$ cat structure-v5.json   # JSON, C-alpha atoms
[["chain", "number", "residue", "atom", "x", "y", "z"],
["L", 30, "MET", "CA", 59.93, -43.40, 7.75],
["L", 31, "SER", "CA", 56.29, -42.72, 6.99],
["L", 32, "ILE", "CA", 53.70, -45.24, 8.16],
["L", 33, "ALA", "CA", 51.34, -44.07, 5.40],
["L", 34, "ILE", "CA", 53.94, -44.93, 2.74],
["L", 35, "ILE", "CA", 54.47, -48.39, 4.25],
["L", 36, "ILE", "CA", 50.73, -49.06, 4.34],
["L", 37, "LEU", "CA", 50.39, -47.83, 0.73],
["L", 38, "GLY", "CA", 53.22, -50.15, -0.35],
["L", 39, "VAL", "CA", 51.70, -53.16, 1.38],
["L", 40, "VAL", "CA", 48.27, -52.47, -0.15],
["L", 41, "VAL", "CA", 49.70, -51.93, -3.64],
["L", 42, "ASN", "CA", 51.78, -55.08, -3.33],
["L", 43, "ALA", "CA", 48.85, -57.19, -2.13],
["L", 44, "PHE", "CA", 46.50, -55.82, -4.79],
["L", 45, "GLY", "CA", 49.09, -55.96, -7.54],
["L", 46, "THR", "CA", 50.17, -59.52, -6.83],
["L", 47, "GLY", "CA", 46.64, -60.93, -6.84],
["L", 48, "PHE", "CA", 45.48, -58.83, -9.76],
["L", 49, "ILE", "CA", 48.48, -59.59, -11.94],
["L", 50, "SER", "CA", 48.40, -63.33, -11.16],
["L", 51, "GLY", "CA", 44.75, -63.62, -12.16],
["L", 52, "LEU", "CA", 45.21, -61.44, -15.21],
["L", 53, "LEU", "CA", 48.18, -63.52, -16.34],
["L", 54, "SER", "CA", 46.08, -66.69, -16.50],
["L", 55, "VAL", "CA", 43.42, -65.01, -18.62],
["L", 56, "MET", "CA", 46.02, -63.41, -20.87],
["L", 57, "LEU", "CA", 47.70, -66.78, -21.44],
["L", 58, "ALA", "CA", 44.44, -68.30, -22.63],
["L", 59, "ASP", "CA", 43.82, -65.30, -24.92],
["L", 60, "THR", "CA", 47.37, -65.57, -26.27],
["L", 61, "VAL", "CA", 46.89, -69.25, -27.11],
["L", 62, "ASP", "CA", 43.72, -68.42, -29.06],
["L", 63, "TYR", "CA", 45.37, -65.45, -30.77],
["L", 64, "GLY", "CA", 48.39, -67.57, -31.74],
["L", 65, "GLU", "CA", 46.15, -70.26, -33.21],
["L", 66, "TRP", "CA", 44.25, -67.63, -35.19],
["L", 67, "LYS", "CA", 47.40, -65.89, -36.43],
["L", 68, "ASN", "CA", 49.69, -68.89, -37.07],
["L", 69, "GLY", "CA", 47.44, -71.95, -37.09],
["L", 70, "VAL", "CA", 49.33, -73.46, -34.15],
["L", 71, "ARG", "CA", 47.79, -73.96, -30.71],
["L", 72, "ALA", "CA", 50.85, -73.85, -28.42],
["L", 73, "GLN", "CA", 49.31, -73.81, -24.95],
["L", 74, "GLY", "CA", 51.95, -76.13, -23.47],
["L", 75, "LEU", "CA", 54.84, -74.00, -24.72],
["L", 76, "LEU", "CA", 53.24, -70.74, -23.59],
["L", 77, "THR", "CA", 52.36, -72.09, -20.15],
["L", 78, "SER", "CA", 55.84, -73.49, -19.57],
["L", 79, "ALA", "CA", 57.47, -70.27, -20.82],
["L", 80, "SER", "CA", 55.27, -68.29, -18.44],
["L", 81, "SER", "CA", 56.17, -70.57, -15.55],
["L", 82, "PHE", "CA", 59.88, -70.30, -16.38],
["L", 83, "GLY", "CA", 59.60, -66.51, -16.58],
["L", 84, "ALA", "CA", 57.89, -66.34, -13.20],
["L", 85, "LYS", "CA", 60.50, -68.55, -11.55],
["L", 86, "PHE", "CA", 63.35, -66.63, -13.17],
["L", 87, "GLY", "CA", 61.77, -63.38, -12.00],
["L", 88, "MET", "CA", 61.46, -64.70, -8.43],
["L", 89, "GLY", "CA", 65.15, -65.59, -8.47],
["L", 90, "ILE", "CA", 66.11, -62.14, -9.76],
["L", 91, "GLY", "CA", 63.76, -60.52, -7.23],
["L", 92, "GLY", "CA", 65.32, -62.43, -4.34],
["L", 93, "ALA", "CA", 68.83, -61.52, -5.48],
["L", 94, "LEU", "CA", 67.84, -57.87, -5.92],
["L", 95, "THR", "CA", 66.30, -57.78, -2.45],
["L", 96, "ALA", "CA", 69.43, -59.28, -0.89],
["L", 97, "LEU", "CA", 71.64, -56.84, -2.80],
["L", 98, "ILE", "CA", 69.63, -53.81, -1.67],
["L", 99, "LEU", "CA", 69.63, -54.97, 1.96],
["L", 100, "ALA", "CA", 73.37, -55.67, 1.85],
["L", 101, "THR", "CA", 74.05, -52.28, 0.27],
["L", 102, "GLY", "CA", 72.00, -50.65, 3.04],
["L", 103, "GLY", "CA", 74.05, -52.43, 5.70],
["L", 104, "TYR", "CA", 71.25, -54.66, 7.01],
["L", 105, "GLN", "CA", 72.32, -56.88, 9.94],
["L", 106, "ALA", "CA", 69.95, -59.60, 11.11],
["L", 107, "ASN", "CA", 68.86, -59.49, 14.77],
["L", 108, "GLN", "CA", 70.47, -56.09, 15.30],
["L", 109, "THR", "CA", 69.21, -52.55, 15.73],
["L", 110, "GLN", "CA", 69.04, -51.22, 12.20],
["L", 111, "THR", "CA", 70.82, -48.09, 10.99],
["L", 112, "THR", "CA", 69.08, -45.33, 9.09],
["L", 113, "GLU", "CA", 70.56, -46.66, 5.84],
["L", 114, "SER", "CA", 69.32, -50.20, 6.46],
["L", 115, "LEU", "CA", 65.85, -48.90, 7.33],
["L", 116, "ARG", "CA", 65.83, -47.01, 4.01],
["L", 117, "ALA", "CA", 66.85, -50.22, 2.23],
["L", 118, "ILE", "CA", 63.99, -52.09, 3.92],
["L", 119, "GLU", "CA", 61.55, -49.34, 2.97],
["L", 120, "PHE", "CA", 62.78, -49.39, -0.64],
["L", 121, "ASN", "CA", 62.35, -53.18, -0.82],
["L", 122, "PHE", "CA", 58.87, -53.31, 0.65],
["L", 123, "VAL", "CA", 57.39, -50.04, -0.61],
["L", 124, "TRP", "CA", 59.07, -48.67, -3.68],
["L", 125, "ILE", "CA", 59.99, -51.86, -5.53],
["L", 126, "PRO", "CA", 56.38, -53.13, -5.50],
["L", 127, "ILE", "CA", 55.14, -49.71, -6.66],
["L", 128, "ILE", "CA", 57.71, -49.64, -9.47],
["L", 129, "GLY", "CA", 56.89, -53.22, -10.48],
["L", 130, "PHE", "CA", 53.17, -52.52, -10.50],
["L", 131, "ALA", "CA", 53.72, -49.39, -12.62],
["L", 132, "ILE", "CA", 55.83, -51.34, -15.13],
["L", 133, "ALA", "CA", 53.16, -54.04, -15.37],
["L", 134, "ALA", "CA", 50.44, -51.42, -15.85],
["L", 135, "ILE", "CA", 52.43, -49.74, -18.63],
["L", 136, "ALA", "CA", 53.04, -53.11, -20.32],
["L", 137, "LEU", "CA", 49.28, -53.72, -20.42],
["L", 138, "PHE", "CA", 48.89, -50.72, -22.73],
["L", 139, "PHE", "CA", 50.81, -52.68, -25.38],
["L", 140, "TYR", "CA", 48.57, -55.77, -25.13],
["L", 141, "ARG", "CA", 46.56, -55.70, -28.35],
["L", 142, "ALA", "CA", 44.96, -59.16, -28.54],
["L", 143, "ASP", "CA", 41.84, -58.04, -26.68],
["L", 144, "LYS", "CA", 41.01, -55.48, -29.39],
["L", 145, "GLN", "CA", 40.71, -58.27, -31.98],
["L", 146, "GLU", "CA", 39.27, -60.90, -29.65],
["L", 147, "LYS", "CA", 35.73, -61.01, -31.04],
["L", 148, "GLN", "CA", 37.03, -61.29, -34.60],
["L", 149, "TYR", "CA", 39.51, -64.09, -33.98],
["L", 150, "LEU", "CA", 37.18, -66.07, -31.71],
["L", 151, "VAL", "CA", 34.49, -66.06, -34.42],
["L", 152, "GLU", "CA", 37.02, -67.06, -37.10],
["L", 153, "LEU", "CA", 38.45, -69.82, -34.88],
["L", 154, "GLU", "CA", 34.97, -71.19, -34.23],
["L", 155, "GLU", "CA", 34.27, -71.22, -37.98],
["L", 156, "ARG", "CA", 37.58, -73.03, -38.66],
["L", 157, "ASN", "CA", 36.91, -75.58, -35.94],
["L", 158, "ARG", "CA", 33.34, -76.15, -37.15],
["L", 159, "ALA", "CA", 34.59, -76.68, -40.73],
["L", 160, "PHE", "CA", 37.28, -79.07, -39.46],
["L", 161, "ARG", "CA", 34.75, -81.10, -37.47],
["L", 162, "GLU", "CA", 32.42, -81.30, -40.47],
["L", 163, "ASN", "CA", 35.27, -82.51, -42.71],
["L", 164, "GLU", "CA", 36.14, -85.22, -40.19],
["L", 165, "LYS", "CA", 32.64, -86.73, -40.40]]
$ encode --input "structure-v5.json" --output "structure tokens"
Amino acid sequence: MSIAIIILGVVVNAFGTGFISGLLSVMLADTVDYGEWKNGVRAQGLLTSASSFGAKFGMGIGGALTALILATGGYQANQTQTTESLRAIEFNFVWIPIIGFAIAAIALFFYRADKQEKQYLVELEERNRAFRENEK
């Protein structure tokens, strides 16, 4: 097992987790604005709860996947680990975070709301200003 690969996995995991979590919050706010612009409905509660559900569901799947990989590798707690179980541990803590980070990075290429952000923010401000003036 390569120490350099383990260190790389830990760094990617730490960077990816913090980066993605922060980015998710910003993207949710942008999505709420985009949805209001596109459909006239500001659904921040629904989007936030759907995001929270997705994160919790993903954590459950991630825990089950981790347990499955360790069991398949023959992991035994408090025992000297076999070569197969050490490979399973390496896969869980190095390769799965790298794969997850790569999938998230690829998914960001399909995020299009930021290309129209200036346009829809200006139009939303105009709509809101007109609405406020009509209320007076």
$ closest_atom_pairs --input "structure-v5.json" --of "range 38-108 of chain L" --to "range 130-144 of chain L" --cutoff "8 Å" --atoms "all atoms listed in the file" --output "tab-separated table"
residue	atom	partner	partner_atom	distance
L:Val41	CA	L:Phe130	CA	7.7
L:Asn42	CA	L:Phe130	CA	7.7
L:Gly45	CA	L:Phe130	CA	6.1
L:Asp59	CA	L:Ala142	CA	7.2
L:Thr60	CA	L:Ala142	CA	7.2
L:Tyr63	CA	L:Ala142	CA	6.7
$ closest_atom_pairs --input "structure-v5.json" --of "range 30-125 of chain L" --to "range 155-162 of chain L" --cutoff "12 Å" --atoms "only C-alpha atoms" --output "tab-separated table"
residue	atom	partner	partner_atom	distance
L:Glu65	CA	L:Arg156	CA	10.5
L:Trp66	CA	L:Arg156	CA	9.3
L:Gly69	CA	L:Arg156	CA	10.0
$ atom_distance --input "structure-v5.json" --atom1 "CA of Ile127 in chain L" --atom2 "CA of Gln108 in chain L"
27.5 Å
$ atom_distance --input "structure-v5.json" --atom1 "CA of Asp62 in chain L" --atom2 "CA of Gly74 in chain L"
12.6 Å
$ closest_residue --input "structure-v5.json" --among "L:Leu99, L:Gly129, L:Gln145, L:Gly38" --to "Gly87 in chain L" --atoms "all atoms listed in the file"
L:Gly129
$ closest_residue --input "structure-v5.json" --among "L:Gly91, L:Met56, L:Val39, L:Glu113" --to "Glu146 in chain L" --atoms "all atoms listed in the file"
L:Met56
$ residues_around --input "structure-v5.json" --residues "range 103-106 of chain L" --least-positions-apart "5" --cutoff "12 Å" --atoms "all atoms listed in the file" --output "number ranges by chain"
L: 95-98, 111-119, 121
$ atom_distance --input "structure-v5.json" --atom1 "CA of Val55 in chain L" --atom2 "CA of Ser78 in chain L"
15.1 Å
$ closest_residue --input "structure-v5.json" --among "L:Asn68, L:Leu76, L:Val40, L:Ile35" --to "Ser54 in chain L" --atoms "all atoms listed in the file"
L:Leu76
$ closest_residue --input "structure-v5.json" --among "L:Gly92, L:Phe120, L:Lys147, L:Leu57" --to "Ser80 in chain L" --atoms "only C-alpha atoms"
L:Leu57
$ build_atoms --input "structure-v5.json" --residues "range 107-143 of chain L" --atoms "N, CA and C atoms" --output "PDB file, in the frame of the given file"
ATOM      1  N   ASN L 107      68.936 -59.474  13.306  1.00  0.00           N
ATOM      2  CA  ASN L 107      68.860 -59.490  14.770  1.00  0.00           C
ATOM      3  C   ASN L 107      69.656 -58.370  15.438  1.00  0.00           C
ATOM      4  N   GLN L 108      69.764 -57.253  14.766  1.00  0.00           N
ATOM      5  CA  GLN L 108      70.470 -56.090  15.300  1.00  0.00           C
ATOM      6  C   GLN L 108      69.562 -54.862  15.173  1.00  0.00           C
ATOM      7  N   THR L 109      69.884 -53.828  15.934  1.00  0.00           N
ATOM      8  CA  THR L 109      69.210 -52.550  15.730  1.00  0.00           C
ATOM      9  C   THR L 109      69.669 -52.002  14.396  1.00  0.00           C
ATOM     10  N   GLN L 110      68.711 -51.624  13.567  1.00  0.00           N
ATOM     11  CA  GLN L 110      69.040 -51.220  12.200  1.00  0.00           C
ATOM     12  C   GLN L 110      69.445 -49.750  12.132  1.00  0.00           C
ATOM     13  N   THR L 111      70.378 -49.468  11.224  1.00  0.00           N
ATOM     14  CA  THR L 111      70.820 -48.090  10.990  1.00  0.00           C
ATOM     15  C   THR L 111      69.799 -47.400  10.105  1.00  0.00           C
ATOM     16  N   THR L 112      69.962 -46.104   9.965  1.00  0.00           N
ATOM     17  CA  THR L 112      69.080 -45.330   9.090  1.00  0.00           C
ATOM     18  C   THR L 112      69.166 -45.841   7.654  1.00  0.00           C
ATOM     19  N   GLU L 113      70.377 -46.162   7.210  1.00  0.00           N
ATOM     20  CA  GLU L 113      70.560 -46.660   5.840  1.00  0.00           C
ATOM     21  C   GLU L 113      69.864 -48.006   5.635  1.00  0.00           C
ATOM     22  N   SER L 114      69.969 -48.892   6.611  1.00  0.00           N
ATOM     23  CA  SER L 114      69.320 -50.200   6.460  1.00  0.00           C
ATOM     24  C   SER L 114      67.804 -50.070   6.507  1.00  0.00           C
ATOM     25  N   LEU L 115      67.300 -49.130   7.308  1.00  0.00           N
ATOM     26  CA  LEU L 115      65.850 -48.900   7.330  1.00  0.00           C
ATOM     27  C   LEU L 115      65.372 -48.350   5.985  1.00  0.00           C
ATOM     28  N   ARG L 116      66.176 -47.505   5.350  1.00  0.00           N
ATOM     29  CA  ARG L 116      65.830 -47.010   4.010  1.00  0.00           C
ATOM     30  C   ARG L 116      65.833 -48.154   2.997  1.00  0.00           C
ATOM     31  N   ALA L 117      66.788 -49.067   3.131  1.00  0.00           N
ATOM     32  CA  ALA L 117      66.850 -50.220   2.230  1.00  0.00           C
ATOM     33  C   ALA L 117      65.607 -51.097   2.408  1.00  0.00           C
ATOM     34  N   ILE L 118      65.202 -51.308   3.645  1.00  0.00           N
ATOM     35  CA  ILE L 118      63.990 -52.090   3.920  1.00  0.00           C
ATOM     36  C   ILE L 118      62.769 -51.403   3.325  1.00  0.00           C
ATOM     37  N   GLU L 119      62.677 -50.102   3.535  1.00  0.00           N
ATOM     38  CA  GLU L 119      61.550 -49.340   2.970  1.00  0.00           C
ATOM     39  C   GLU L 119      61.548 -49.448   1.447  1.00  0.00           C
ATOM     40  N   PHE L 120      62.701 -49.302   0.817  1.00  0.00           N
ATOM     41  CA  PHE L 120      62.780 -49.390  -0.640  1.00  0.00           C
ATOM     42  C   PHE L 120      62.318 -50.761  -1.122  1.00  0.00           C
ATOM     43  N   ASN L 121      62.732 -51.815  -0.434  1.00  0.00           N
ATOM     44  CA  ASN L 121      62.350 -53.180  -0.820  1.00  0.00           C
ATOM     45  C   ASN L 121      60.858 -53.436  -0.684  1.00  0.00           C
ATOM     46  N   PHE L 122      60.257 -52.949   0.373  1.00  0.00           N
ATOM     47  CA  PHE L 122      58.870 -53.310   0.650  1.00  0.00           C
ATOM     48  C   PHE L 122      57.849 -52.263   0.235  1.00  0.00           C
ATOM     49  N   VAL L 123      58.315 -51.077  -0.168  1.00  0.00           N
ATOM     50  CA  VAL L 123      57.390 -50.040  -0.610  1.00  0.00           C
ATOM     51  C   VAL L 123      57.626 -49.690  -2.069  1.00  0.00           C
ATOM     52  N   TRP L 124      58.819 -49.241  -2.359  1.00  0.00           N
ATOM     53  CA  TRP L 124      59.070 -48.670  -3.680  1.00  0.00           C
ATOM     54  C   TRP L 124      59.225 -49.715  -4.766  1.00  0.00           C
ATOM     55  N   ILE L 125      59.857 -50.824  -4.492  1.00  0.00           N
ATOM     56  CA  ILE L 125      59.990 -51.860  -5.530  1.00  0.00           C
ATOM     57  C   ILE L 125      58.625 -52.389  -5.958  1.00  0.00           C
ATOM     58  N   PRO L 126      57.712 -52.698  -5.034  1.00  0.00           N
ATOM     59  CA  PRO L 126      56.380 -53.130  -5.500  1.00  0.00           C
ATOM     60  C   PRO L 126      55.652 -52.049  -6.303  1.00  0.00           C
ATOM     61  N   ILE L 127      55.784 -50.799  -5.904  1.00  0.00           N
ATOM     62  CA  ILE L 127      55.140 -49.710  -6.660  1.00  0.00           C
ATOM     63  C   ILE L 127      55.734 -49.623  -8.061  1.00  0.00           C
ATOM     64  N   ILE L 128      57.051 -49.697  -8.157  1.00  0.00           N
ATOM     65  CA  ILE L 128      57.710 -49.640  -9.470  1.00  0.00           C
ATOM     66  C   ILE L 128      57.304 -50.834 -10.322  1.00  0.00           C
ATOM     67  N   GLY L 129      57.291 -52.023  -9.737  1.00  0.00           N
ATOM     68  CA  GLY L 129      56.890 -53.220 -10.480  1.00  0.00           C
ATOM     69  C   GLY L 129      55.458 -53.147 -10.963  1.00  0.00           C
ATOM     70  N   PHE L 130      54.577 -52.660 -10.112  1.00  0.00           N
ATOM     71  CA  PHE L 130      53.170 -52.520 -10.500  1.00  0.00           C
ATOM     72  C   PHE L 130      53.028 -51.512 -11.636  1.00  0.00           C
ATOM     73  N   ALA L 131      53.767 -50.407 -11.570  1.00  0.00           N
ATOM     74  CA  ALA L 131      53.720 -49.390 -12.620  1.00  0.00           C
ATOM     75  C   ALA L 131      54.222 -49.957 -13.952  1.00  0.00           C
ATOM     76  N   ILE L 132      55.306 -50.723 -13.910  1.00  0.00           N
ATOM     77  CA  ILE L 132      55.830 -51.340 -15.130  1.00  0.00           C
ATOM     78  C   ILE L 132      54.809 -52.301 -15.732  1.00  0.00           C
ATOM     79  N   ALA L 133      54.179 -53.102 -14.890  1.00  0.00           N
ATOM     80  CA  ALA L 133      53.160 -54.040 -15.370  1.00  0.00           C
ATOM     81  C   ALA L 133      51.970 -53.288 -15.978  1.00  0.00           C
ATOM     82  N   ALA L 134      51.561 -52.203 -15.335  1.00  0.00           N
ATOM     83  CA  ALA L 134      50.440 -51.420 -15.850  1.00  0.00           C
ATOM     84  C   ALA L 134      50.783 -50.803 -17.202  1.00  0.00           C
ATOM     85  N   ILE L 135      52.000 -50.314 -17.347  1.00  0.00           N
ATOM     86  CA  ILE L 135      52.430 -49.740 -18.630  1.00  0.00           C
ATOM     87  C   ILE L 135      52.475 -50.826 -19.699  1.00  0.00           C
ATOM     88  N   ALA L 136      52.970 -52.007 -19.349  1.00  0.00           N
ATOM     89  CA  ALA L 136      53.040 -53.110 -20.320  1.00  0.00           C
ATOM     90  C   ALA L 136      51.656 -53.505 -20.827  1.00  0.00           C
ATOM     91  N   LEU L 137      50.637 -53.366 -19.993  1.00  0.00           N
ATOM     92  CA  LEU L 137      49.280 -53.720 -20.420  1.00  0.00           C
ATOM     93  C   LEU L 137      48.767 -52.813 -21.537  1.00  0.00           C
ATOM     94  N   PHE L 138      49.309 -51.613 -21.644  1.00  0.00           N
ATOM     95  CA  PHE L 138      48.890 -50.720 -22.730  1.00  0.00           C
ATOM     96  C   PHE L 138      49.322 -51.257 -24.097  1.00  0.00           C
ATOM     97  N   PHE L 139      50.310 -52.133 -24.126  1.00  0.00           N
ATOM     98  CA  PHE L 139      50.810 -52.680 -25.380  1.00  0.00           C
ATOM     99  C   PHE L 139      50.156 -54.021 -25.728  1.00  0.00           C
ATOM    100  N   TYR L 140      49.264 -54.504 -24.896  1.00  0.00           N
ATOM    101  CA  TYR L 140      48.570 -55.770 -25.130  1.00  0.00           C
ATOM    102  C   TYR L 140      47.418 -55.512 -26.084  1.00  0.00           C
ATOM    103  N   ARG L 141      47.529 -56.029 -27.295  1.00  0.00           N
ATOM    104  CA  ARG L 141      46.560 -55.700 -28.350  1.00  0.00           C
ATOM    105  C   ARG L 141      45.580 -56.829 -28.666  1.00  0.00           C
ATOM    106  N   ALA L 142      45.806 -58.022 -28.154  1.00  0.00           N
ATOM    107  CA  ALA L 142      44.960 -59.160 -28.540  1.00  0.00           C
ATOM    108  C   ALA L 142      43.499 -58.932 -28.183  1.00  0.00           C
ATOM    109  N   ASP L 143      43.232 -58.222 -27.097  1.00  0.00           N
ATOM    110  CA  ASP L 143      41.840 -58.040 -26.680  1.00  0.00           C
ATOM    111  C   ASP L 143      41.048 -57.176 -27.653  1.00  0.00           C
TER     112      ASP L 143
END
